[in-house]
>>> print(open('coords-v5.pdb').read())   # PDB, N, CA and C atoms
ATOM      1  N   MET A  18     -32.093-108.928 -68.063
ATOM      2  CA  MET A  18     -31.069-109.079 -67.036
ATOM      3  C   MET A  18     -31.753-109.158 -65.667
ATOM      4  N   ASP A  19     -31.350-110.102 -64.892
ATOM      5  CA  ASP A  19     -31.940-110.333 -63.591
ATOM      6  C   ASP A  19     -31.169-109.554 -62.521
ATOM      7  N   LEU A  20     -31.835-109.145 -61.449
ATOM      8  CA  LEU A  20     -31.175-108.411 -60.359
ATOM      9  C   LEU A  20     -30.077-109.242 -59.697
ATOM     10  N   LYS A  21     -30.188-110.538 -59.774
ATOM     11  CA  LYS A  21     -29.179-111.413 -59.170
ATOM     12  C   LYS A  21     -27.837-111.282 -59.886
ATOM     13  N   ASP A  22     -27.862-110.924 -61.173
ATOM     14  CA  ASP A  22     -26.641-110.831 -61.966
ATOM     15  C   ASP A  22     -25.862-109.541 -61.716
ATOM     16  N   LYS A  23     -26.478-108.559 -61.117
ATOM     17  CA  LYS A  23     -25.803-107.266 -60.893
ATOM     18  C   LYS A  23     -24.874-107.353 -59.692
ATOM     19  N   LYS A  24     -23.715-106.698 -59.829
ATOM     20  CA  LYS A  24     -22.752-106.654 -58.733
ATOM     21  C   LYS A  24     -23.120-105.519 -57.785
ATOM     22  N   PRO A  25     -22.871-105.714 -56.496
ATOM     23  CA  PRO A  25     -23.176-104.638 -55.546
ATOM     24  C   PRO A  25     -22.214-103.465 -55.731
ATOM     25  N   LEU A  26     -22.711-102.295 -55.475
ATOM     26  CA  LEU A  26     -21.916-101.067 -55.579
ATOM     27  C   LEU A  26     -21.170-100.854 -54.267
ATOM     28  N   THR A  27     -19.884-100.644 -54.339
ATOM     29  CA  THR A  27     -19.099-100.359 -53.141
ATOM     30  C   THR A  27     -18.489 -98.973 -53.275
ATOM     31  N   LEU A  28     -18.565 -98.223 -52.215
ATOM     32  CA  LEU A  28     -18.009 -96.875 -52.177
ATOM     33  C   LEU A  28     -16.834 -96.850 -51.218
ATOM     34  N   LYS A  29     -15.801 -96.165 -51.604
ATOM     35  CA  LYS A  29     -14.639 -96.010 -50.730
ATOM     36  C   LYS A  29     -14.574 -94.560 -50.280
ATOM     37  N   TRP A  30     -14.372 -94.350 -49.021
ATOM     38  CA  TRP A  30     -14.298 -93.014 -48.455
ATOM     39  C   TRP A  30     -12.846 -92.620 -48.306
ATOM     40  N   LYS A  31     -12.483 -91.475 -48.862
ATOM     41  CA  LYS A  31     -11.131 -90.944 -48.687
ATOM     42  C   LYS A  31     -11.211 -89.835 -47.653
ATOM     43  N   GLY A  32     -10.522 -90.002 -46.590
ATOM     44  CA  GLY A  32     -10.529 -88.984 -45.549
ATOM     45  C   GLY A  32     -10.990 -89.578 -44.231
ATOM     46  N   ASP A  33     -10.873 -88.787 -43.206
ATOM     47  CA  ASP A  33     -11.212 -89.197 -41.852
ATOM     48  C   ASP A  33     -12.641 -88.759 -41.550
ATOM     49  N   ILE A  34     -13.531 -89.707 -41.362
ATOM     50  CA  ILE A  34     -14.930 -89.388 -41.086
ATOM     51  C   ILE A  34     -15.056 -88.647 -39.762
ATOM     52  N   SER A  35     -14.314 -89.058 -38.753
ATOM     53  CA  SER A  35     -14.422 -88.399 -37.454
ATOM     54  C   SER A  35     -14.005 -86.931 -37.529
ATOM     55  N   MET A  36     -13.039 -86.586 -38.392
ATOM     56  CA  MET A  36     -12.606 -85.211 -38.551
ATOM     57  C   MET A  36     -13.726 -84.370 -39.163
ATOM     58  N   ASN A  37     -14.434 -84.933 -40.170
ATOM     59  CA  ASN A  37     -15.545 -84.220 -40.786
ATOM     60  C   ASN A  37     -16.668 -83.974 -39.792
ATOM     61  N   LYS A  38     -16.972 -84.985 -38.959
ATOM     62  CA  LYS A  38     -18.018 -84.824 -37.943
ATOM     63  C   LYS A  38     -17.632 -83.738 -36.941
ATOM     64  N   ARG A  39     -16.365 -83.726 -36.543
ATOM     65  CA  ARG A  39     -15.891 -82.739 -35.588
ATOM     66  C   ARG A  39     -16.007 -81.324 -36.166
ATOM     67  N   LYS A  40     -15.635 -81.189 -37.440
ATOM     68  CA  LYS A  40     -15.692 -79.884 -38.099
ATOM     69  C   LYS A  40     -17.138 -79.406 -38.227
ATOM     70  N   LYS A  41     -18.058 -80.317 -38.565
ATOM     71  CA  LYS A  41     -19.464 -79.946 -38.671
ATOM     72  C   LYS A  41     -20.017 -79.496 -37.327
ATOM     73  N   LYS A  42     -19.649 -80.215 -36.251
ATOM     74  CA  LYS A  42     -20.105 -79.828 -34.918
ATOM     75  C   LYS A  42     -19.557 -78.458 -34.529
ATOM     76  N   GLN A  43     -18.283 -78.211 -34.850
ATOM     77  CA  GLN A  43     -17.681 -76.926 -34.538
ATOM     78  C   GLN A  43     -18.376 -75.811 -35.315
ATOM     79  N   ASN A  44     -18.658 -76.034 -36.602
ATOM     80  CA  ASN A  44     -19.345 -75.029 -37.406
ATOM     81  C   ASN A  44     -20.745 -74.751 -36.860
ATOM     82  N   ARG A  45     -21.464 -75.786 -36.456
ATOM     83  CA  ARG A  45     -22.801 -75.618 -35.895
ATOM     84  C   ARG A  45     -22.734 -74.827 -34.584
ATOM     85  N   PHE A  46     -21.755 -75.139 -33.747
ATOM     86  CA  PHE A  46     -21.561 -74.434 -32.486
ATOM     87  C   PHE A  46     -21.282 -72.953 -32.731
ATOM     88  N   GLU A  47     -20.414 -72.661 -33.706
ATOM     89  CA  GLU A  47     -20.092 -71.269 -34.028
ATOM     90  C   GLU A  47     -21.300 -70.525 -34.582
ATOM     91  N   GLU A  48     -22.136 -71.204 -35.357
ATOM     92  CA  GLU A  48     -23.351 -70.578 -35.871
ATOM     93  C   GLU A  48     -24.312 -70.259 -34.743
ATOM     94  N   LEU A  49     -24.460 -71.179 -33.783
ATOM     95  CA  LEU A  49     -25.350 -70.930 -32.650
ATOM     96  C   LEU A  49     -24.911 -69.721 -31.835
ATOM     97  N   LEU A  50     -23.611 -69.575 -31.661
ATOM     98  CA  LEU A  50     -23.087 -68.435 -30.890
ATOM     99  C   LEU A  50     -22.945 -67.171 -31.728
ATOM    100  N   GLU A  51     -23.226 -67.292 -33.046
ATOM    101  CA  GLU A  51     -23.125 -66.174 -33.987
ATOM    102  C   GLU A  51     -21.720 -65.567 -33.995
ATOM    103  N   ILE A  52     -20.720 -66.436 -33.977
ATOM    104  CA  ILE A  52     -19.329 -65.999 -34.042
ATOM    105  C   ILE A  52     -18.999 -65.712 -35.496
ATOM    106  N   PRO A  53     -18.480 -64.502 -35.807
ATOM    107  CA  PRO A  53     -18.119 -64.202 -37.199
ATOM    108  C   PRO A  53     -17.073 -65.188 -37.721
ATOM    109  N   LYS A  54     -17.196 -65.541 -39.007
ATOM    110  CA  LYS A  54     -16.311 -66.537 -39.609
ATOM    111  C   LYS A  54     -14.846 -66.125 -39.532
ATOM    112  N   GLU A  55     -14.551 -64.820 -39.689
ATOM    113  CA  GLU A  55     -13.157 -64.397 -39.672
ATOM    114  C   GLU A  55     -12.521 -64.521 -38.291
ATOM    115  N   LEU A  56     -13.327 -64.596 -37.229
ATOM    116  CA  LEU A  56     -12.776 -64.792 -35.893
ATOM    117  C   LEU A  56     -12.554 -66.266 -35.564
ATOM    118  N   SER A  57     -13.389 -67.120 -36.142
ATOM    119  CA  SER A  57     -13.315 -68.538 -35.799
ATOM    120  C   SER A  57     -12.493 -69.357 -36.782
ATOM    121  N   SER A  58     -12.032 -68.747 -37.863
ATOM    122  CA  SER A  58     -11.227 -69.479 -38.837
ATOM    123  C   SER A  58      -9.979 -68.672 -39.166
ATOM    124  N   ASN A  59      -9.143 -69.242 -39.998
ATOM    125  CA  ASN A  59      -7.926 -68.552 -40.415
ATOM    126  C   ASN A  59      -8.077 -67.870 -41.765
ATOM    127  N   GLU A  60      -9.302 -67.799 -42.280
ATOM    128  CA  GLU A  60      -9.514 -67.173 -43.578
ATOM    129  C   GLU A  60      -9.239 -65.675 -43.489
ATOM    130  N   PRO A  61      -8.539 -65.136 -44.478
ATOM    131  CA  PRO A  61      -8.247 -63.703 -44.431
ATOM    132  C   PRO A  61      -9.489 -62.869 -44.722
ATOM    133  N   LYS A  62      -9.544 -61.700 -44.105
ATOM    134  CA  LYS A  62     -10.585 -60.713 -44.397
ATOM    135  C   LYS A  62      -9.865 -59.497 -44.954
ATOM    136  N   ILE A  63     -10.281 -59.065 -46.142
ATOM    137  CA  ILE A  63      -9.628 -57.946 -46.816
ATOM    138  C   ILE A  63     -10.622 -56.803 -46.931
ATOM    139  N   THR A  64     -10.233 -55.631 -46.438
ATOM    140  CA  THR A  64     -11.073 -54.441 -46.531
ATOM    141  C   THR A  64     -10.283 -53.380 -47.284
ATOM    142  N   ILE A  65     -10.864 -52.897 -48.394
ATOM    143  CA  ILE A  65     -10.210 -51.859 -49.185
ATOM    144  C   ILE A  65     -11.024 -50.581 -49.049
ATOM    145  N   MET A  66     -10.366 -49.510 -48.626
ATOM    146  CA  MET A  66     -11.006 -48.211 -48.467
ATOM    147  C   MET A  66     -10.502 -47.284 -49.561
ATOM    148  N   GLY A  67     -11.355 -47.046 -50.566
ATOM    149  CA  GLY A  67     -10.930 -46.232 -51.693
ATOM    150  C   GLY A  67      -9.838 -46.947 -52.462
ATOM    151  N   PHE A  68      -8.882 -46.168 -52.975
ATOM    152  CA  PHE A  68      -7.747 -46.751 -53.704
ATOM    153  C   PHE A  68      -6.446 -46.554 -52.938
ATOM    154  N   GLU A  69      -6.541 -46.131 -51.664
ATOM    155  CA  GLU A  69      -5.314 -45.780 -50.939
ATOM    156  C   GLU A  69      -5.117 -46.491 -49.610
ATOM    157  N   GLU A  70      -6.051 -47.331 -49.188
ATOM    158  CA  GLU A  70      -5.874 -48.063 -47.931
ATOM    159  C   GLU A  70      -6.432 -49.470 -48.071
ATOM    160  N   MET A  71      -5.725 -50.405 -47.483
ATOM    161  CA  MET A  71      -6.158 -51.806 -47.491
ATOM    162  C   MET A  71      -5.808 -52.425 -46.145
ATOM    163  N   LEU A  72      -6.790 -53.080 -45.523
ATOM    164  CA  LEU A  72      -6.581 -53.790 -44.261
ATOM    165  C   LEU A  72      -6.729 -55.277 -44.527
ATOM    166  N   ILE A  73      -5.731 -56.055 -44.145
ATOM    167  CA  ILE A  73      -5.771 -57.511 -44.278
ATOM    168  C   ILE A  73      -5.723 -58.103 -42.874
ATOM    169  N   GLU A  74      -6.761 -58.855 -42.536
ATOM    170  CA  GLU A  74      -6.827 -59.524 -41.236
ATOM    171  C   GLU A  74      -6.528 -61.008 -41.432
ATOM    172  N   ASN A  75      -5.968 -61.644 -40.431
ATOM    173  CA  ASN A  75      -5.601 -63.066 -40.446
ATOM    174  C   ASN A  75      -4.512 -63.368 -41.479
ATOM    175  N   TYR A  76      -3.458 -62.606 -41.469
ATOM    176  CA  TYR A  76      -2.333 -62.890 -42.370
ATOM    177  C   TYR A  76      -1.261 -63.666 -41.614
ATOM    178  N   LYS A  77      -0.403 -64.366 -42.359
ATOM    179  CA  LYS A  77       0.685 -65.128 -41.746
ATOM    180  C   LYS A  77       1.997 -64.366 -41.765
ATOM    181  N   GLY A  78       2.317 -63.726 -42.892
ATOM    182  CA  GLY A  78       3.603 -63.048 -42.977
ATOM    183  C   GLY A  78       3.744 -62.248 -44.257
ATOM    184  N   ILE A  79       4.830 -61.483 -44.302
ATOM    185  CA  ILE A  79       5.146 -60.673 -45.474
ATOM    186  C   ILE A  79       6.218 -61.419 -46.263
ATOM    187  N   LEU A  80       5.922 -61.728 -47.518
ATOM    188  CA  LEU A  80       6.872 -62.457 -48.359
ATOM    189  C   LEU A  80       7.798 -61.503 -49.109
ATOM    190  N   GLU A  81       7.242 -60.417 -49.644
ATOM    191  CA  GLU A  81       8.023 -59.413 -50.371
ATOM    192  C   GLU A  81       7.452 -58.041 -50.062
ATOM    193  N   TYR A  82       8.337 -57.051 -50.011
ATOM    194  CA  TYR A  82       7.881 -55.685 -49.775
ATOM    195  C   TYR A  82       8.761 -54.715 -50.549
ATOM    196  N   GLN A  83       8.153 -54.018 -51.490
ATOM    197  CA  GLN A  83       8.786 -52.916 -52.215
ATOM    198  C   GLN A  83       7.742 -51.820 -52.317
ATOM    199  N   ASP A  84       8.156 -50.617 -52.695
ATOM    200  CA  ASP A  84       7.179 -49.530 -52.724
ATOM    201  C   ASP A  84       6.165 -49.645 -53.859
ATOM    202  N   PHE A  85       6.336 -50.619 -54.761
ATOM    203  CA  PHE A  85       5.396 -50.821 -55.859
ATOM    204  C   PHE A  85       4.768 -52.219 -55.848
ATOM    205  N   TYR A  86       5.180 -53.104 -54.935
ATOM    206  CA  TYR A  86       4.729 -54.490 -54.940
ATOM    207  C   TYR A  86       4.859 -55.087 -53.542
ATOM    208  N   ILE A  87       3.761 -55.677 -53.040
ATOM    209  CA  ILE A  87       3.776 -56.336 -51.734
ATOM    210  C   ILE A  87       3.121 -57.697 -51.882
ATOM    211  N   ARG A  88       3.749 -58.733 -51.303
ATOM    212  CA  ARG A  88       3.182 -60.089 -51.271
ATOM    213  C   ARG A  88       2.962 -60.479 -49.814
ATOM    214  N   ILE A  89       1.724 -60.848 -49.504
ATOM    215  CA  ILE A  89       1.341 -61.211 -48.147
ATOM    216  C   ILE A  89       0.893 -62.673 -48.147
ATOM    217  N   SER A  90       1.426 -63.455 -47.230
ATOM    218  CA  SER A  90       1.035 -64.853 -47.078
ATOM    219  C   SER A  90      -0.131 -64.952 -46.105
ATOM    220  N   THR A  91      -1.157 -65.722 -46.477
ATOM    221  CA  THR A  91      -2.288 -65.987 -45.587
ATOM    222  C   THR A  91      -2.469 -67.494 -45.500
ATOM    223  N   TYR A  92      -3.410 -67.938 -44.675
ATOM    224  CA  TYR A  92      -3.666 -69.363 -44.530
ATOM    225  C   TYR A  92      -4.381 -69.936 -45.754
ATOM    226  N   SER A  93      -4.963 -69.067 -46.597
ATOM    227  CA  SER A  93      -5.671 -69.515 -47.797
ATOM    228  C   SER A  93      -4.834 -69.381 -49.052
ATOM    229  N   GLY A  94      -3.762 -68.613 -48.998
ATOM    230  CA  GLY A  94      -2.922 -68.402 -50.168
ATOM    231  C   GLY A  94      -2.112 -67.126 -50.039
ATOM    232  N   ILE A  95      -1.735 -66.565 -51.179
ATOM    233  CA  ILE A  95      -0.896 -65.365 -51.212
ATOM    234  C   ILE A  95      -1.682 -64.224 -51.847
ATOM    235  N   ILE A  96      -1.579 -63.046 -51.246
ATOM    236  CA  ILE A  96      -2.210 -61.840 -51.774
ATOM    237  C   ILE A  96      -1.111 -60.970 -52.362
ATOM    238  N   ASN A  97      -1.248 -60.607 -53.633
ATOM    239  CA  ASN A  97      -0.301 -59.730 -54.323
ATOM    240  C   ASN A  97      -0.934 -58.361 -54.499
ATOM    241  N   ILE A  98      -0.242 -57.318 -54.062
ATOM    242  CA  ILE A  98      -0.728 -55.949 -54.190
ATOM    243  C   ILE A  98       0.268 -55.168 -55.033
ATOM    244  N   ASN A  99      -0.211 -54.543 -56.106
ATOM    245  CA  ASN A  99       0.608 -53.711 -56.980
ATOM    246  C   ASN A  99       0.121 -52.274 -56.880
ATOM    247  N   GLY A 100       1.045 -51.333 -56.969
ATOM    248  CA  GLY A 100       0.665 -49.924 -56.922
ATOM    249  C   GLY A 100       1.888 -49.031 -56.872
ATOM    250  N   PHE A 101       1.713 -47.828 -56.318
ATOM    251  CA  PHE A 101       2.790 -46.845 -56.196
ATOM    252  C   PHE A 101       2.847 -46.332 -54.771
ATOM    253  N   ASN A 102       4.052 -46.098 -54.271
ATOM    254  CA  ASN A 102       4.266 -45.570 -52.917
ATOM    255  C   ASN A 102       3.555 -46.413 -51.856
ATOM    256  N   LEU A 103       3.617 -47.733 -51.981
ATOM    257  CA  LEU A 103       2.971 -48.620 -51.017
ATOM    258  C   LEU A 103       3.782 -48.663 -49.728
ATOM    259  N   ASN A 104       3.075 -48.579 -48.604
ATOM    260  CA  ASN A 104       3.709 -48.594 -47.283
ATOM    261  C   ASN A 104       2.973 -49.557 -46.369
ATOM    262  N   LEU A 105       3.702 -50.158 -45.451
ATOM    263  CA  LEU A 105       3.099 -50.957 -44.389
ATOM    264  C   LEU A 105       2.921 -50.017 -43.202
ATOM    265  N   ARG A 106       1.734 -49.468 -43.060
ATOM    266  CA  ARG A 106       1.517 -48.423 -42.058
ATOM    267  C   ARG A 106       1.371 -48.983 -40.657
ATOM    268  N   GLU A 107       0.524 -49.969 -40.479
ATOM    269  CA  GLU A 107       0.315 -50.551 -39.153
ATOM    270  C   GLU A 107       0.344 -52.067 -39.269
ATOM    271  N   MET A 108       0.991 -52.712 -38.301
ATOM    272  CA  MET A 108       1.040 -54.170 -38.290
ATOM    273  C   MET A 108       0.860 -54.675 -36.865
ATOM    274  N   THR A 109       0.039 -55.699 -36.718
ATOM    275  CA  THR A 109      -0.047 -56.458 -35.477
ATOM    276  C   THR A 109       0.230 -57.914 -35.854
ATOM    277  N   SER A 110       0.087 -58.808 -34.920
ATOM    278  CA  SER A 110       0.322 -60.216 -35.242
ATOM    279  C   SER A 110      -0.779 -60.788 -36.137
ATOM    280  N   ASP A 111      -1.943 -60.123 -36.207
ATOM    281  CA  ASP A 111      -3.058 -60.626 -37.008
ATOM    282  C   ASP A 111      -3.449 -59.722 -38.174
ATOM    283  N   ASP A 112      -3.196 -58.415 -38.064
ATOM    284  CA  ASP A 112      -3.666 -57.440 -39.051
ATOM    285  C   ASP A 112      -2.510 -56.643 -39.627
ATOM    286  N   ILE A 113      -2.719 -56.200 -40.871
ATOM    287  CA  ILE A 113      -1.722 -55.350 -41.515
ATOM    288  C   ILE A 113      -2.459 -54.293 -42.344
ATOM    289  N   MET A 114      -2.040 -53.030 -42.218
ATOM    290  CA  MET A 114      -2.626 -51.924 -42.965
ATOM    291  C   MET A 114      -1.628 -51.475 -44.026
ATOM    292  N   ILE A 115      -2.079 -51.453 -45.272
ATOM    293  CA  ILE A 115      -1.244 -51.026 -46.393
ATOM    294  C   ILE A 115      -1.816 -49.732 -46.945
ATOM    295  N   THR A 116      -0.952 -48.750 -47.155
ATOM    296  CA  THR A 116      -1.383 -47.472 -47.727
ATOM    297  C   THR A 116      -0.585 -47.188 -48.992
ATOM    298  N   GLY A 117      -1.070 -46.262 -49.785
ATOM    299  CA  GLY A 117      -0.427 -45.891 -51.040
ATOM    300  C   GLY A 117      -1.443 -45.951 -52.163
ATOM    301  N   LYS A 118      -1.003 -45.775 -53.373
ATOM    302  CA  LYS A 118      -1.878 -45.856 -54.546
ATOM    303  C   LYS A 118      -1.997 -47.317 -54.964
ATOM    304  N   ILE A 119      -3.083 -47.968 -54.570
ATOM    305  CA  ILE A 119      -3.279 -49.385 -54.862
ATOM    306  C   ILE A 119      -3.812 -49.509 -56.284
ATOM    307  N   GLY A 120      -3.087 -50.248 -57.109
ATOM    308  CA  GLY A 120      -3.489 -50.439 -58.495
ATOM    309  C   GLY A 120      -4.270 -51.725 -58.703
ATOM    310  N   THR A 121      -3.667 -52.857 -58.343
ATOM    311  CA  THR A 121      -4.318 -54.158 -58.507
ATOM    312  C   THR A 121      -4.069 -55.034 -57.288
ATOM    313  N   VAL A 122      -4.990 -55.962 -57.076
ATOM    314  CA  VAL A 122      -4.870 -56.963 -56.017
ATOM    315  C   VAL A 122      -5.227 -58.301 -56.652
ATOM    316  N   ASP A 123      -4.366 -59.299 -56.482
ATOM    317  CA  ASP A 123      -4.712 -60.631 -56.982
ATOM    318  C   ASP A 123      -4.335 -61.681 -55.952
ATOM    319  N   PHE A 124      -4.905 -62.877 -56.130
ATOM    320  CA  PHE A 124      -4.794 -63.947 -55.149
ATOM    321  C   PHE A 124      -4.208 -65.192 -55.785
ATOM    322  N   GLU A 125      -3.345 -65.861 -55.039
ATOM    323  CA  GLU A 125      -2.799 -67.158 -55.421
ATOM    324  C   GLU A 125      -3.239 -68.162 -54.350
ATOM    325  N   PRO A 126      -4.297 -68.925 -54.615
ATOM    326  CA  PRO A 126      -4.743 -69.883 -53.596
ATOM    327  C   PRO A 126      -3.736 -71.000 -53.384
ATOM    328  N   THR A 127      -3.652 -71.511 -52.163
ATOM    329  CA  THR A 127      -2.771 -72.636 -51.883
ATOM    330  C   THR A 127      -3.437 -73.900 -52.371
ATOM    331  N   GLN A 128      -2.632 -74.871 -52.724
ATOM    332  CA  GLN A 128      -3.136 -76.145 -53.216
ATOM    333  C   GLN A 128      -3.305 -77.085 -52.037
ATOM    334  N   ASP A 129      -4.526 -77.649 -51.884
ATOM    335  CA  ASP A 129      -4.770 -78.640 -50.834
ATOM    336  C   ASP A 129      -4.406 -80.002 -51.365
ATOM    337  N   ASP A 130      -3.719 -80.777 -50.533
ATOM    338  CA  ASP A 130      -3.338 -82.147 -50.939
ATOM    339  C   ASP A 130      -4.450 -83.111 -50.665
TER     340      ASP A 130
END
>>> encode(input="coords-v5.pdb", output="structure tokens")
Amino acid sequence: MDLKDKKPLTLKWKGDISMNKRKKKQNRFEELLEIPKELSSNEPKITIMGFEEMLIENYKGILEYQDFYIRISTYSGIININGFNLNLREMTSDDIMITGKIGTVDFEPTQDD
């Protein structure tokens, strides 16, 4: 088979190239300034202290609240907390502190289109 007989390979790009370049520049800028990822993005940061306290940073809202089950919406998905005597102790627009006997924590990631 001769090289002349081969068809050229064509690649199609899905997405906005300029958006990717902008995001890379922003990430590089944040790395240079040593800005923590949780401050520069909307990704949640979850800190669990023992089995009785949980701090969630960068949350969007509370979907469900009962003393045995709490669902928290974040920019990355939904956090489900199961336990006993669960309370929302402190809340700000960005952080939420949950107390009680925490049994399980699971995540439901959002689907990107």
>>> resolve_selection(input="coords-v5.pdb", expression="the PyMOL selection byres ((chain A and resi 83-85) around 5)", output="list in words")
Glu81, Tyr82, Tyr86, Ile87, Asn99, Gly100, Phe101, Asn102 and Leu103 of chain A
>>> write_last_selection(input="coords-v5.pdb", atoms="N, CA and C atoms", output="PDB file, in the coordinates of the input")
ATOM      1  N   GLU A  81       7.242 -60.417 -49.644  1.00  0.00           N
ATOM      2  CA  GLU A  81       8.023 -59.413 -50.371  1.00  0.00           C
ATOM      3  C   GLU A  81       7.452 -58.041 -50.062  1.00  0.00           C
ATOM      4  N   TYR A  82       8.337 -57.051 -50.011  1.00  0.00           N
ATOM      5  CA  TYR A  82       7.881 -55.685 -49.775  1.00  0.00           C
ATOM      6  C   TYR A  82       8.761 -54.715 -50.549  1.00  0.00           C
ATOM      7  N   TYR A  86       5.180 -53.104 -54.935  1.00  0.00           N
ATOM      8  CA  TYR A  86       4.729 -54.490 -54.940  1.00  0.00           C
ATOM      9  C   TYR A  86       4.859 -55.087 -53.542  1.00  0.00           C
ATOM     10  N   ILE A  87       3.761 -55.677 -53.040  1.00  0.00           N
ATOM     11  CA  ILE A  87       3.776 -56.336 -51.734  1.00  0.00           C
ATOM     12  C   ILE A  87       3.121 -57.697 -51.882  1.00  0.00           C
ATOM     13  N   ASN A  99      -0.211 -54.543 -56.106  1.00  0.00           N
ATOM     14  CA  ASN A  99       0.608 -53.711 -56.980  1.00  0.00           C
ATOM     15  C   ASN A  99       0.121 -52.274 -56.880  1.00  0.00           C
ATOM     16  N   GLY A 100       1.045 -51.333 -56.969  1.00  0.00           N
ATOM     17  CA  GLY A 100       0.665 -49.924 -56.922  1.00  0.00           C
ATOM     18  C   GLY A 100       1.888 -49.031 -56.872  1.00  0.00           C
ATOM     19  N   PHE A 101       1.713 -47.828 -56.318  1.00  0.00           N
ATOM     20  CA  PHE A 101       2.790 -46.845 -56.196  1.00  0.00           C
ATOM     21  C   PHE A 101       2.847 -46.332 -54.771  1.00  0.00           C
ATOM     22  N   ASN A 102       4.052 -46.098 -54.271  1.00  0.00           N
ATOM     23  CA  ASN A 102       4.266 -45.570 -52.917  1.00  0.00           C
ATOM     24  C   ASN A 102       3.555 -46.413 -51.856  1.00  0.00           C
ATOM     25  N   LEU A 103       3.617 -47.733 -51.981  1.00  0.00           N
ATOM     26  CA  LEU A 103       2.971 -48.620 -51.017  1.00  0.00           C
ATOM     27  C   LEU A 103       3.782 -48.663 -49.728  1.00  0.00           C
TER      28      LEU A 103
END
>>> resolve_selection(input="coords-v5.pdb", expression="the PyMOL selection byres ((chain A and resi 121) around 8)", output="tab-separated table (two decimals) with N, CA and C atoms, keeping the file's coordinate frame")
chain	number	residue	atom	x	y	z
A	97	ASN	N	-1.25	-60.61	-53.63
A	97	ASN	CA	-0.30	-59.73	-54.32
A	97	ASN	C	-0.93	-58.36	-54.50
A	98	ILE	N	-0.24	-57.32	-54.06
A	98	ILE	CA	-0.73	-55.95	-54.19
A	98	ILE	C	0.27	-55.17	-55.03
A	99	ASN	N	-0.21	-54.54	-56.11
A	99	ASN	CA	0.61	-53.71	-56.98
A	99	ASN	C	0.12	-52.27	-56.88
A	100	GLY	N	1.04	-51.33	-56.97
A	100	GLY	CA	0.66	-49.92	-56.92
A	100	GLY	C	1.89	-49.03	-56.87
A	101	PHE	N	1.71	-47.83	-56.32
A	101	PHE	CA	2.79	-46.84	-56.20
A	101	PHE	C	2.85	-46.33	-54.77
A	118	LYS	N	-1.00	-45.78	-53.37
A	118	LYS	CA	-1.88	-45.86	-54.55
A	118	LYS	C	-2.00	-47.32	-54.96
A	119	ILE	N	-3.08	-47.97	-54.57
A	119	ILE	CA	-3.28	-49.38	-54.86
A	119	ILE	C	-3.81	-49.51	-56.28
A	120	GLY	N	-3.09	-50.25	-57.11
A	120	GLY	CA	-3.49	-50.44	-58.50
A	120	GLY	C	-4.27	-51.72	-58.70
A	122	VAL	N	-4.99	-55.96	-57.08
A	122	VAL	CA	-4.87	-56.96	-56.02
A	122	VAL	C	-5.23	-58.30	-56.65
A	123	ASP	N	-4.37	-59.30	-56.48
A	123	ASP	CA	-4.71	-60.63	-56.98
A	123	ASP	C	-4.34	-61.68	-55.95
A	124	PHE	N	-4.90	-62.88	-56.13
A	124	PHE	CA	-4.79	-63.95	-55.15
A	124	PHE	C	-4.21	-65.19	-55.78
>>> residues_around(input="coords-v5.pdb", residues="A:Ser93", least_positions_apart="6", cutoff="8 Å", atoms="only N, CA and C atoms", output="ChimeraX atom specification")
/A:59-61,75-77,124-128
>>> axis_aligned_box(input="coords-v5.pdb", around="stretch 65-82 of chain A", padding_each_side="4 Å", output="AutoDock Vina command-line options")
--center_x -1.3 --center_y -55.5 --center_z -47.1 --size_x 28.1 --size_y 27.3 --size_z 21.3
>>> select_by_dssp(input="coords-v5.pdb", residues="stretch 59-120 of chain A", states="strand (DSSP E)", output="ChimeraX atom specification")
/A:62-66,70-74,76-83,86-91,94-108,112-120
>>> resolve_selection(input="coords-v5.pdb", expression="the PyMOL selection byres ((chain A and resi 73) around 7)", output="PyMOL selection string")
chain A and resi 61-64+71-72+74-76+111-115
>>> atom_distance(input="coords-v5.pdb", atom1="atom C of A:Glu69", atom2="atom C of A:Thr109")
18.7 Å
>>> atom_distance(input="coords-v5.pdb", atom1="atom N of A:Leu80", atom2="atom N of A:Gly67")
22.9 Å
>>> atom_distance(input="coords-v5.pdb", atom1="atom C of A:Gly78", atom2="atom C of A:Thr91")
8.2 Å
